[in-house]
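Raw contents of protein_7.pdb, PDB, C-alpha atoms:
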```
MODEL        1
ATOM      1  CA  MET A 299       0.000   0.000   0.000
ATOM      2  CA  ALA A 300       2.907   2.239   0.566
ATOM      3  CA  THR A 301       3.517   2.605  -3.140
ATOM      4  CA  ASP A 302      -0.085   3.735  -3.654
ATOM      5  CA  LYS A 303       0.276   6.601  -1.281
ATOM      6  CA  GLY A 304       0.334   9.190  -3.987
ATOM      7  CA  ASN A 305      -2.766   7.688  -5.658
ATOM      8  CA  ILE A 306      -5.503  10.288  -5.744
ATOM      9  CA  GLU A 307      -8.132   7.751  -4.726
ATOM     10  CA  ASN A 308      -6.196   7.020  -1.527
ATOM     11  CA  ILE A 309      -6.005  10.656  -0.718
ATOM     12  CA  LEU A 310      -9.708  11.241  -1.232
ATOM     13  CA  GLY A 311     -10.806   8.030   0.474
ATOM     14  CA  GLU A 312     -13.977   6.141  -0.340
ATOM     15  CA  SER A 313     -16.137   9.172  -0.841
ATOM     16  CA  VAL A 314     -15.103   9.551  -4.488
ATOM     17  CA  VAL A 315     -14.960   7.137  -7.442
ATOM     18  CA  LEU A 316     -12.831   8.139 -10.378
ATOM     19  CA  THR A 317     -13.462   7.056 -13.942
ATOM     20  CA  ARG A 318     -13.340   8.393 -17.469
ATOM     21  CA  LYS A 319     -16.301  10.283 -18.850
ATOM     22  CA  ASP A 320     -16.728   8.014 -21.884
ATOM     23  CA  LYS A 321     -16.528   4.931 -19.684
ATOM     24  CA  LEU A 322     -19.208   6.285 -17.395
ATOM     25  CA  LEU A 323     -21.413   7.194 -20.327
ATOM     26  CA  ASN A 324     -21.008   3.792 -21.944
ATOM     27  CA  TRP A 325     -21.627   2.069 -18.639
ATOM     28  CA  ALA A 326     -24.868   3.981 -18.186
ATOM     29  CA  ARG A 327     -25.960   3.292 -21.729
ATOM     30  CA  LYS A 328     -25.217  -0.384 -21.729
ATOM     31  CA  TRP A 329     -27.279  -1.019 -18.611
ATOM     32  CA  SER A 330     -30.341   0.929 -19.701
ATOM     33  CA  LEU A 331     -31.300  -0.366 -23.119
ATOM     34  CA  PHE A 332     -34.850   0.782 -23.642
ATOM     35  CA  GLN A 333     -35.999  -1.483 -26.402
ATOM     36  CA  TYR A 334     -38.634  -1.158 -29.062
ATOM     37  CA  PRO A 335     -39.933  -4.546 -30.219
ATOM     38  CA  PHE A 336     -40.793  -4.561 -33.931
ATOM     39  CA  VAL A 337     -42.491  -7.939 -33.938
ATOM     40  CA  THR A 338     -43.882  -9.282 -37.202
ATOM     41  CA  ALA A 339     -43.780 -13.066 -37.045
ATOM     42  CA  CYS A 340     -43.399 -16.269 -35.057
ATOM     43  CA  CYS A 341     -40.083 -15.175 -33.485
ATOM     44  CA  GLY A 342     -42.312 -12.996 -31.327
ATOM     45  CA  MET A 343     -43.171 -16.037 -29.207
ATOM     46  CA  GLU A 344     -39.524 -16.538 -28.346
ATOM     47  CA  PHE A 345     -39.182 -12.833 -27.734
ATOM     48  CA  MET A 346     -42.041 -12.965 -25.235
ATOM     49  CA  SER A 347     -40.510 -15.889 -23.399
ATOM     50  CA  VAL A 348     -37.112 -14.260 -23.063
ATOM     51  CA  TYR A 349     -38.698 -11.063 -21.794
ATOM     52  CA  GLY A 350     -40.859 -12.925 -19.316
ATOM     53  CA  SER A 351     -39.788 -13.608 -15.758
ATOM     54  CA  HIS A 352     -38.360 -17.052 -16.495
ATOM     55  CA  TYR A 353     -35.391 -15.867 -18.559
ATOM     56  CA  ASP A 354     -35.570 -12.337 -17.189
ATOM     57  CA  ALA A 355     -33.835 -10.006 -19.603
ATOM     58  CA  SER A 356     -34.044  -7.240 -17.004
ATOM     59  CA  ARG A 357     -30.805  -8.630 -15.586
ATOM     60  CA  PHE A 358     -29.138  -6.902 -18.522
ATOM     61  CA  GLY A 359     -31.016  -3.667 -18.116
ATOM     62  CA  ALA A 360     -32.820  -4.365 -21.349
ATOM     63  CA  GLU A 361     -36.213  -5.267 -20.103
ATOM     64  CA  TYR A 362     -38.202  -2.101 -20.372
ATOM     65  CA  PRO A 363     -40.103  -1.880 -23.680
ATOM     66  CA  ARG A 364     -41.026   1.509 -25.061
ATOM     67  CA  PHE A 365     -43.874   1.391 -27.519
ATOM     68  CA  SER A 366     -42.825   4.647 -29.054
ATOM     69  CA  PRO A 367     -39.604   4.571 -31.086
ATOM     70  CA  ARG A 368     -38.841   8.113 -29.936
ATOM     71  CA  GLN A 369     -38.192   6.872 -26.424
ATOM     72  CA  ALA A 370     -36.279   3.740 -27.357
ATOM     73  CA  ASP A 371     -32.626   3.159 -28.098
ATOM     74  CA  LEU A 372     -32.597  -0.503 -29.026
ATOM     75  CA  LEU A 373     -34.643  -1.712 -31.987
ATOM     76  CA  PHE A 374     -35.500  -5.398 -31.965
ATOM     77  CA  VAL A 375     -36.530  -6.502 -35.447
ATOM     78  CA  VAL A 376     -38.312  -9.737 -34.674
ATOM     79  CA  GLY A 377     -39.498 -11.743 -37.655
ATOM     80  CA  THR A 378     -39.888 -11.649 -41.409
ATOM     81  CA  ILE A 379     -39.908  -8.234 -43.065
ATOM     82  CA  SER A 380     -41.773  -7.974 -46.353
ATOM     83  CA  HIS A 381     -41.182  -5.266 -48.922
ATOM     84  CA  LYS A 382     -44.527  -3.780 -47.975
ATOM     85  CA  GLN A 383     -43.454  -3.627 -44.325
ATOM     86  CA  LEU A 384     -40.046  -2.169 -45.068
ATOM     87  CA  PRO A 385     -40.985   1.552 -45.323
ATOM     88  CA  ILE A 386     -42.649   1.248 -41.914
ATOM     89  CA  LEU A 387     -39.525  -0.283 -40.404
ATOM     90  CA  LYS A 388     -37.416   2.463 -41.942
ATOM     91  CA  ASN A 389     -39.783   5.057 -40.534
ATOM     92  CA  VAL A 390     -39.538   3.572 -37.058
ATOM     93  CA  TYR A 391     -35.749   3.446 -37.265
ATOM     94  CA  ASP A 392     -35.536   7.045 -38.427
ATOM     95  CA  GLN A 393     -37.733   8.195 -35.548
ATOM     96  CA  MET A 394     -35.436   6.738 -32.908
ATOM     97  CA  SER A 395     -33.055   9.244 -31.414
ATOM     98  CA  ASP A 396     -29.294   8.715 -31.275
ATOM     99  CA  PRO A 397     -27.559   6.742 -29.945
ATOM    100  CA  LYS A 398     -29.471   3.763 -31.270
ATOM    101  CA  TRP A 399     -28.751   0.118 -31.854
ATOM    102  CA  VAL A 400     -30.445  -2.613 -33.856
ATOM    103  CA  ILE A 401     -30.659  -6.334 -33.225
ATOM    104  CA  ALA A 402     -31.801  -8.578 -36.087
ATOM    105  CA  PHE A 403     -33.732 -11.249 -34.280
ATOM    106  CA  GLY A 404     -33.891 -14.609 -36.051
ATOM    107  CA  THR A 405     -32.893 -15.842 -39.476
ATOM    108  CA  CYS A 406     -35.611 -13.987 -41.392
ATOM    109  CA  ALA A 407     -34.664 -10.559 -40.097
ATOM    110  CA  SER A 408     -30.965 -11.350 -40.596
ATOM    111  CA  THR A 409     -31.013 -12.822 -44.110
ATOM    112  CA  GLY A 410     -34.567 -13.430 -45.277
ATOM    113  CA  GLY A 411     -34.315 -17.042 -44.134
ATOM    114  CA  PHE A 412     -35.941 -19.593 -46.387
ATOM    115  CA  TYR A 413     -38.236 -16.969 -47.892
ATOM    116  CA  ASN A 414     -36.550 -16.414 -51.203
ATOM    117  CA  ASN A 415     -39.448 -14.839 -53.072
ATOM    118  CA  TYR A 416     -41.007 -11.672 -54.418
ATOM    119  CA  ALA A 417     -42.360 -10.536 -51.060
ATOM    120  CA  THR A 418     -39.525 -10.852 -48.553
ATOM    121  CA  VAL A 419     -36.626  -8.536 -47.787
ATOM    122  CA  GLN A 420     -33.374 -10.478 -47.850
ATOM    123  CA  GLY A 421     -32.117  -9.216 -44.504
ATOM    124  CA  ILE A 422     -32.917  -5.890 -42.882
ATOM    125  CA  ASP A 423     -29.275  -4.825 -43.201
ATOM    126  CA  THR A 424     -30.058  -3.974 -46.816
ATOM    127  CA  VAL A 425     -31.868  -0.925 -45.420
ATOM    128  CA  ILE A 426     -30.874  -0.160 -41.833
ATOM    129  CA  PRO A 427     -27.571  -0.853 -40.040
ATOM    130  CA  VAL A 428     -27.556  -3.865 -37.751
ATOM    131  CA  ASP A 429     -25.350  -4.259 -34.675
ATOM    132  CA  VAL A 430     -25.993  -7.855 -33.669
ATOM    133  CA  TYR A 431     -27.495 -10.726 -35.664
ATOM    134  CA  ILE A 432     -29.176 -13.616 -33.889
ATOM    135  CA  PRO A 433     -29.417 -16.775 -35.994
ATOM    136  CA  GLY A 434     -32.065 -19.391 -35.327
ATOM    137  CA  CYS A 435     -35.575 -20.177 -36.429
ATOM    138  CA  PRO A 436     -36.554 -19.065 -33.867
ATOM    139  CA  PRO A 437     -33.455 -18.469 -31.709
ATOM    140  CA  ARG A 438     -33.145 -19.966 -28.244
ATOM    141  CA  PRO A 439     -33.560 -17.556 -25.315
ATOM    142  CA  GLU A 440     -29.893 -18.163 -24.458
ATOM    143  CA  ALA A 441     -28.926 -16.893 -27.906
ATOM    144  CA  ILE A 442     -30.950 -13.742 -27.337
ATOM    145  CA  MET A 443     -29.318 -13.070 -23.992
ATOM    146  CA  ASP A 444     -25.959 -13.710 -25.623
ATOM    147  CA  ALA A 445     -26.847 -11.098 -28.228
ATOM    148  CA  ILE A 446     -27.721  -8.558 -25.545
ATOM    149  CA  ILE A 447     -24.387  -9.221 -23.802
ATOM    150  CA  LYS A 448     -22.561  -8.827 -27.110
ATOM    151  CA  LEU A 449     -24.330  -5.550 -27.705
ATOM    152  CA  GLN A 450     -23.357  -4.393 -24.213
ATOM    153  CA  ASP A 451     -19.726  -5.218 -24.989
ATOM    154  CA  LYS A 452     -20.015  -3.242 -28.172
ATOM    155  CA  ILE A 453     -21.512  -0.253 -26.381
ATOM    156  CA  ALA A 454     -18.764  -0.426 -23.747
ATOM    157  CA  LYS A 455     -16.160  -0.093 -26.504
ATOM    158  CA  THR A 456     -17.774   2.991 -28.041
ATOM    159  CA  LYS A 457     -15.301   5.846 -28.463
ATOM    160  CA  TYR A 458     -15.993   9.552 -28.723
ATOM    161  CA  GLU A 459     -13.920  11.591 -31.095
ATOM    162  CA  ASN A 460     -13.849  14.713 -28.960
ATOM    163  CA  ARG A 461     -15.400  16.020 -25.798
ATOM    164  CA  GLU A 462     -18.274  17.828 -27.442
ATOM    165  CA  SER A 463     -19.141  15.145 -29.903
ATOM    166  CA  PHE A 464     -21.542  12.421 -29.032
ATOM    167  CA  ASN A 465     -21.305  10.949 -32.490
ATOM    168  CA  LEU A 466     -20.545   7.313 -32.259
ATOM    169  CA  SER A 467     -17.421   6.021 -33.884
ATOM    170  CA  GLU A 468     -17.518   2.299 -33.880
ATOM    171  CA  GLU A 469     -14.605   0.065 -33.142
ATOM    172  CA  GLY A 470     -14.229  -3.016 -35.294
ATOM    173  CA  ASP A 471     -16.812  -4.686 -37.464
ATOM    174  CA  ASN A 472     -20.366  -5.535 -36.640
ATOM    175  CA  GLU A 473     -20.576  -8.600 -34.508
TER
ATOM    176  CA  MET B  37     -76.045 -35.591 -53.588
ATOM    177  CA  SER B  38     -73.112 -33.979 -55.338
ATOM    178  CA  LYS B  39     -73.252 -36.767 -57.940
ATOM    179  CA  GLN B  40     -76.816 -35.791 -58.739
ATOM    180  CA  VAL B  41     -75.729 -32.182 -59.030
ATOM    181  CA  LEU B  42     -73.053 -33.243 -61.462
ATOM    182  CA  GLU B  43     -75.516 -35.258 -63.526
ATOM    183  CA  LYS B  44     -77.962 -32.367 -63.666
ATOM    184  CA  ILE B  45     -75.217 -30.031 -64.807
ATOM    185  CA  LEU B  46     -74.139 -32.485 -67.491
ATOM    186  CA  LYS B  47     -77.715 -32.676 -68.695
ATOM    187  CA  LYS B  48     -78.213 -28.922 -68.635
ATOM    188  CA  PHE B  49     -74.961 -27.947 -70.427
ATOM    189  CA  PRO B  50     -74.198 -30.951 -72.634
ATOM    190  CA  SER B  51     -72.094 -29.127 -75.213
ATOM    191  CA  ASP B  52     -70.206 -26.722 -72.922
ATOM    192  CA  ILE B  53     -68.620 -29.201 -70.533
ATOM    193  CA  VAL B  54     -64.968 -29.747 -71.401
ATOM    194  CA  ASN B  55     -64.310 -32.331 -68.757
ATOM    195  CA  SER B  56     -65.867 -33.757 -65.644
ATOM    196  CA  HIS B  57     -64.711 -35.989 -62.895
ATOM    197  CA  SER B  58     -66.211 -37.694 -59.871
ATOM    198  CA  MET B  59     -64.341 -39.624 -57.247
ATOM    199  CA  PHE B  60     -64.524 -39.957 -53.430
ATOM    200  CA  GLY B  61     -67.060 -37.158 -53.200
ATOM    201  CA  ASN B  62     -64.972 -34.821 -55.328
ATOM    202  CA  GLU B  63     -67.202 -33.648 -58.152
ATOM    203  CA  THR B  64     -65.408 -31.512 -60.686
ATOM    204  CA  ILE B  65     -66.674 -29.808 -63.826
ATOM    205  CA  GLU B  66     -64.531 -28.065 -66.348
ATOM    206  CA  ILE B  67     -66.565 -25.727 -68.499
ATOM    207  CA  LYS B  68     -65.921 -23.361 -71.360
ATOM    208  CA  LYS B  69     -65.488 -19.826 -70.151
ATOM    209  CA  GLU B  70     -68.371 -18.584 -72.326
ATOM    210  CA  SER B  71     -70.980 -20.558 -70.362
ATOM    211  CA  PHE B  72     -69.207 -20.361 -67.036
ATOM    212  CA  PHE B  73     -71.402 -17.621 -65.593
ATOM    213  CA  LYS B  74     -74.561 -19.428 -66.627
ATOM    214  CA  LEU B  75     -73.382 -22.511 -64.797
ATOM    215  CA  ILE B  76     -72.707 -20.596 -61.589
ATOM    216  CA  GLU B  77     -76.153 -19.008 -61.879
ATOM    217  CA  PHE B  78     -77.654 -22.442 -62.380
ATOM    218  CA  LEU B  79     -75.903 -23.758 -59.252
ATOM    219  CA  LYS B  80     -77.050 -20.838 -57.174
ATOM    220  CA  ASP B  81     -80.628 -20.672 -58.444
ATOM    221  CA  ASN B  82     -81.375 -24.352 -58.055
ATOM    222  CA  ARG B  83     -82.575 -24.374 -54.473
ATOM    223  CA  GLN B  84     -82.590 -28.162 -54.194
ATOM    224  CA  PHE B  85     -78.779 -28.246 -54.471
ATOM    225  CA  GLU B  86     -78.611 -26.076 -51.347
ATOM    226  CA  ILE B  87     -75.185 -24.750 -52.310
ATOM    227  CA  ASP B  88     -74.808 -21.833 -49.945
ATOM    228  CA  MET B  89     -71.109 -21.228 -49.545
ATOM    229  CA  LEU B  90     -68.319 -20.154 -51.846
ATOM    230  CA  ILE B  91     -65.188 -21.544 -50.214
ATOM    231  CA  ASP B  92     -62.400 -20.406 -52.456
ATOM    232  CA  ILE B  93     -61.432 -19.037 -55.811
ATOM    233  CA  THR B  94     -57.977 -19.711 -57.106
ATOM    234  CA  CYS B  95     -56.053 -20.141 -60.305
ATOM    235  CA  VAL B  96     -53.461 -22.557 -61.618
ATOM    236  CA  ASP B  97     -50.834 -21.611 -64.166
ATOM    237  CA  TYR B  98     -50.090 -24.275 -66.784
ATOM    238  CA  PRO B  99     -47.474 -22.507 -68.924
ATOM    239  CA  TYR B 100     -47.491 -25.049 -71.776
ATOM    240  CA  GLU B 101     -51.244 -25.535 -72.200
ATOM    241  CA  THR B 102     -53.406 -23.702 -74.741
ATOM    242  CA  ASN B 103     -55.639 -22.519 -71.935
ATOM    243  CA  ARG B 104     -52.844 -21.380 -69.704
ATOM    244  CA  PHE B 105     -54.826 -20.202 -66.688
ATOM    245  CA  MET B 106     -57.217 -22.621 -65.033
ATOM    246  CA  MET B 107     -59.675 -20.895 -62.736
ATOM    247  CA  VAL B 108     -60.857 -23.103 -59.862
ATOM    248  CA  TYR B 109     -63.986 -22.420 -57.797
ATOM    249  CA  HIS B 110     -64.985 -24.438 -54.744
ATOM    250  CA  PHE B 111     -68.574 -24.514 -53.554
ATOM    251  CA  TYR B 112     -70.005 -26.156 -50.480
ATOM    252  CA  SER B 113     -73.412 -26.910 -49.060
ATOM    253  CA  THR B 114     -73.475 -26.404 -45.302
ATOM    254  CA  THR B 115     -76.800 -28.262 -45.017
ATOM    255  CA  LEU B 116     -76.216 -31.253 -47.297
ATOM    256  CA  LYS B 117     -72.431 -31.281 -46.787
ATOM    257  CA  HIS B 118     -71.523 -31.754 -50.395
ATOM    258  CA  ARG B 119     -68.944 -29.999 -52.459
ATOM    259  CA  ILE B 120     -68.656 -29.095 -56.095
ATOM    260  CA  ARG B 121     -65.660 -27.795 -57.948
ATOM    261  CA  VAL B 122     -65.943 -25.704 -61.106
ATOM    262  CA  LYS B 123     -63.027 -25.064 -63.410
ATOM    263  CA  ALA B 124     -62.639 -22.857 -66.440
ATOM    264  CA  GLY B 125     -59.570 -22.507 -68.629
ATOM    265  CA  LEU B 126     -58.493 -19.100 -69.926
ATOM    266  CA  PRO B 127     -56.124 -18.423 -72.829
ATOM    267  CA  GLU B 128     -52.865 -16.593 -72.170
ATOM    268  CA  GLU B 129     -53.533 -13.715 -74.582
ATOM    269  CA  ASP B 130     -56.890 -12.841 -72.991
ATOM    270  CA  PRO B 131     -57.165 -14.068 -69.391
ATOM    271  CA  THR B 132     -60.618 -12.636 -68.753
ATOM    272  CA  ILE B 133     -63.592 -14.251 -67.095
ATOM    273  CA  GLU B 134     -66.955 -13.094 -65.836
ATOM    274  CA  SER B 135     -66.904 -11.948 -62.209
ATOM    275  CA  ILE B 136     -69.247 -13.856 -59.921
ATOM    276  CA  THR B 137     -69.304 -11.083 -57.320
ATOM    277  CA  PRO B 138     -72.891 -10.121 -58.318
ATOM    278  CA  LEU B 139     -73.929 -13.625 -57.226
ATOM    279  CA  TRP B 140     -71.500 -14.294 -54.381
ATOM    280  CA  GLU B 141     -70.396 -11.265 -52.351
ATOM    281  CA  SER B 142     -67.450 -13.144 -50.896
ATOM    282  CA  ALA B 143     -65.982 -13.520 -54.377
ATOM    283  CA  ASN B 144     -65.000  -9.855 -54.311
ATOM    284  CA  TRP B 145     -61.677 -10.168 -52.462
ATOM    285  CA  LEU B 146     -60.968 -13.670 -53.728
ATOM    286  CA  GLU B 147     -61.120 -12.436 -57.317
ATOM    287  CA  ARG B 148     -58.966  -9.464 -56.463
ATOM    288  CA  GLU B 149     -56.381 -11.831 -55.017
ATOM    289  CA  VAL B 150     -56.368 -13.904 -58.202
ATOM    290  CA  PHE B 151     -55.977 -10.713 -60.196
ATOM    291  CA  ASP B 152     -53.118  -9.670 -57.922
ATOM    292  CA  MET B 153     -51.185 -12.910 -58.205
ATOM    293  CA  PHE B 154     -52.034 -14.167 -61.715
ATOM    294  CA  GLY B 155     -53.261 -11.149 -63.645
ATOM    295  CA  VAL B 156     -56.622 -12.651 -64.512
ATOM    296  CA  ASN B 157     -59.202  -9.965 -65.287
ATOM    297  CA  PHE B 158     -62.746 -10.210 -64.013
ATOM    298  CA  LYS B 159     -65.486  -8.621 -66.070
ATOM    299  CA  ASN B 160     -68.097  -6.634 -64.098
ATOM    300  CA  HIS B 161     -66.088  -6.721 -60.906
ATOM    301  CA  PRO B 162     -66.958  -3.643 -58.775
ATOM    302  CA  ASN B 163     -63.376  -2.876 -57.690
ATOM    303  CA  MET B 164     -60.785  -4.555 -59.892
ATOM    304  CA  LYS B 165     -57.437  -3.594 -58.373
ATOM    305  CA  ARG B 166     -54.588  -5.166 -56.394
ATOM    306  CA  ILE B 167     -55.446  -6.329 -52.887
ATOM    307  CA  LEU B 168     -52.213  -7.600 -51.281
ATOM    308  CA  LEU B 169     -49.439  -6.083 -53.345
ATOM    309  CA  TYR B 170     -48.788  -2.410 -53.931
ATOM    310  CA  ASP B 171     -49.712  -0.412 -56.996
ATOM    311  CA  SER B 172     -46.116   0.048 -58.158
ATOM    312  CA  PHE B 173     -45.579  -3.723 -58.313
ATOM    313  CA  GLU B 174     -45.066  -4.850 -61.905
ATOM    314  CA  GLY B 175     -46.041  -8.309 -63.075
ATOM    315  CA  TYR B 176     -47.836 -11.140 -61.344
ATOM    316  CA  PRO B 177     -45.692 -13.081 -58.872
ATOM    317  CA  LEU B 178     -47.473 -16.441 -58.880
ATOM    318  CA  ARG B 179     -47.180 -16.891 -62.637
ATOM    319  CA  LYS B 180     -44.645 -19.557 -63.475
ATOM    320  CA  ASP B 181     -42.612 -17.148 -65.599
ATOM    321  CA  TYR B 182     -42.105 -14.651 -62.766
ATOM    322  CA  PRO B 183     -38.401 -15.000 -61.790
ATOM    323  CA  ILE B 184     -37.999 -16.195 -58.218
ATOM    324  CA  THR B 185     -35.184 -13.757 -57.538
ATOM    325  CA  GLN B 186     -36.965 -10.684 -58.856
ATOM    326  CA  ARG B 187     -37.496  -8.054 -56.177
ATOM    327  CA  GLN B 188     -39.547  -4.859 -56.370
ATOM    328  CA  PRO B 189     -38.901  -2.943 -53.179
ATOM    329  CA  ILE B 190     -41.113  -0.012 -52.327
ATOM    330  CA  VAL B 191     -39.142   3.210 -52.394
ATOM    331  CA  GLY B 192     -40.082   5.809 -49.814
ATOM    332  CA  PRO B 193     -42.674   5.718 -47.078
ATOM    333  CA  LEU B 194     -46.239   4.555 -47.583
ATOM    334  CA  ASN B 195     -48.978   7.082 -47.161
TER
ENDMDL
END
```
Representation of the structure as structure tokens:
Amino acid sequence: MATDKGNIENILGESVVLTRKDKLLNWARKWSLFQYPFVTACCGMEFMSVYGSHYDASRFGAEYPRFSPRQADLLFVVGTISHKQLPILKNVYDQMSDPKWVIAFGTCASTGGFYNNYATVQGIDTVIPVDVYIPGCPPRPEAIMDAIIKLQDKIAKTKYENRESFNLSEEGDNE
Amino acid sequence: MSKQVLEKILKKFPSDIVNSHSMFGNETIEIKKESFFKLIEFLKDNRQFEIDMLIDITCVDYPYETNRFMMVYHFYSTTLKHRIRVKAGLPEEDPTIESITPLWESANWLEREVFDMFGVNFKNHPNMKRILLYDSFEGYPLRKDYPITQRQPIVGPLN
């Protein structure tokens, strides 16, 4: 302990916690993901189970659904998106305020799945950026929680270019 | 009972029936499109048949046949529990058939769906336009010659 004598935390005692501003911001953001569920298909059943008390997604701070995109920062695209649905999805995404993240829930939202036809969008990433893809038809609840943890890791790594800017510069590729 | 219906139809329209078939309670009549409407009227007006329900209207695309589009109509009697199926072939160059919406109200949306997916036109239909797809969609996706990979995304928001 003698070597830590000059450490500012030792001088101030336990009344103060020191951290970096970006770390604090990312920590706050990653534990309060207000999500907007955009549920269109059968994946919704799995979504309901993972957000019920049994699997309890509130452990990751991502439980609280906002049914207005303006109050949400995590967009869950759950299910097949048709070309007719796509402008609505785009509208919802555009209405969300920054910073915002998107999870493509299930194979259909990620790639179109086995729907290779005139009606289905071949993955929502053709229109809006996606942070985490969850494979599965439908995915297991464990996979969904894994996706939330991966998104939290991604948020924790967010860097800010300068003090004033809250624009997100992302590190590495999409997971 | 449906066999008797079939026999009566055969007697009534001897020269217009292209084909007929009867097996395991499946009675099917294929009729020329010119007398198609008269046949549907006959089925509806004959009270003893007690046909009171139009179950479905659909179409089948046979790309190599002379009559490329085969319209298929399913009727059911909820009292006598018998079914009758009416078919009518339409040529590729003029896929038009009489609408049965004046007789069966429920045919309205079913015919619009067939128009949407196969491009079959229905004469005297009150509202002949697309029902599931959007107006900017070109072509008819359930035709066999519609490429499976062809996409027509909507550009811009819907109003």
Selection dump of the PyMOL selection byres ((chain A and resi 394) around 12), as a count of residues only = 26
inquiry  = Can you tell me which residues surround Ser347 in chain A at a distance of at most 8 Å, considering only C-alpha atoms, apart from same-chain residues fewer than 5 positions away, and format the answer as a ChimeraX atom specification?
reply    = /A:352-353,439
request  = Counting all atoms listed in the file, find the residues whose atoms lie at most 12 Å from (-44.7, -6.4, -63.7) (file coordinates) and write them out as a list of chain:residue names.
outcome  = A:Tyr416, B:Asp152, B:Met153, B:Phe154, B:Gly155, B:Leu169, B:Tyr170, B:Asp171, B:Ser172, B:Phe173, B:Glu174, B:Gly175, B:Tyr176, B:Pro177, B:Leu178, B:Arg179, B:Asp181, B:Tyr182, B:Pro183, B:Gln186, B:Arg187, B:Gln188
Per-residue nearest contacts chain A to chain B, cut-off 6 Å, using only C-alpha atoms, as a tab-separated table:
```
residue	atom	partner	partner_atom	distance
A:His381	CA	B:Pro189	CA	5.4
A:Pro385	CA	B:Pro193	CA	4.8
A:Asn415	CA	B:Ile184	CA	5.5
A:Tyr416	CA	B:Arg187	CA	5.3
```
inquiry  = With 6 Å as the threshold, what does the neighbourhood of (-68.6, -14.6, -68.2) contain in terms of residues, counting only C-alpha atoms? Coordinates are those of the file; answer as a ChimeraX atom specification.
reply    = /B:70,72-73,133-134
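In this model, the gap between CA of Cys435 in chain A and CA of Lys180 in chain B comes to 28.5 Å.
Look at Pro127 in chain B: the protein and nucleic acid residues within 12 Å of it, using all atoms listed in the file and passing over chain neighbours fewer than 6 places away, are Lys68, Lys69, Asp97, Tyr98, Pro99, Tyr100, Glu101, Thr102, Asn103, Arg104, Phe105, Met106, Met107, Ile133, Val156 and Asn157 of chain B.
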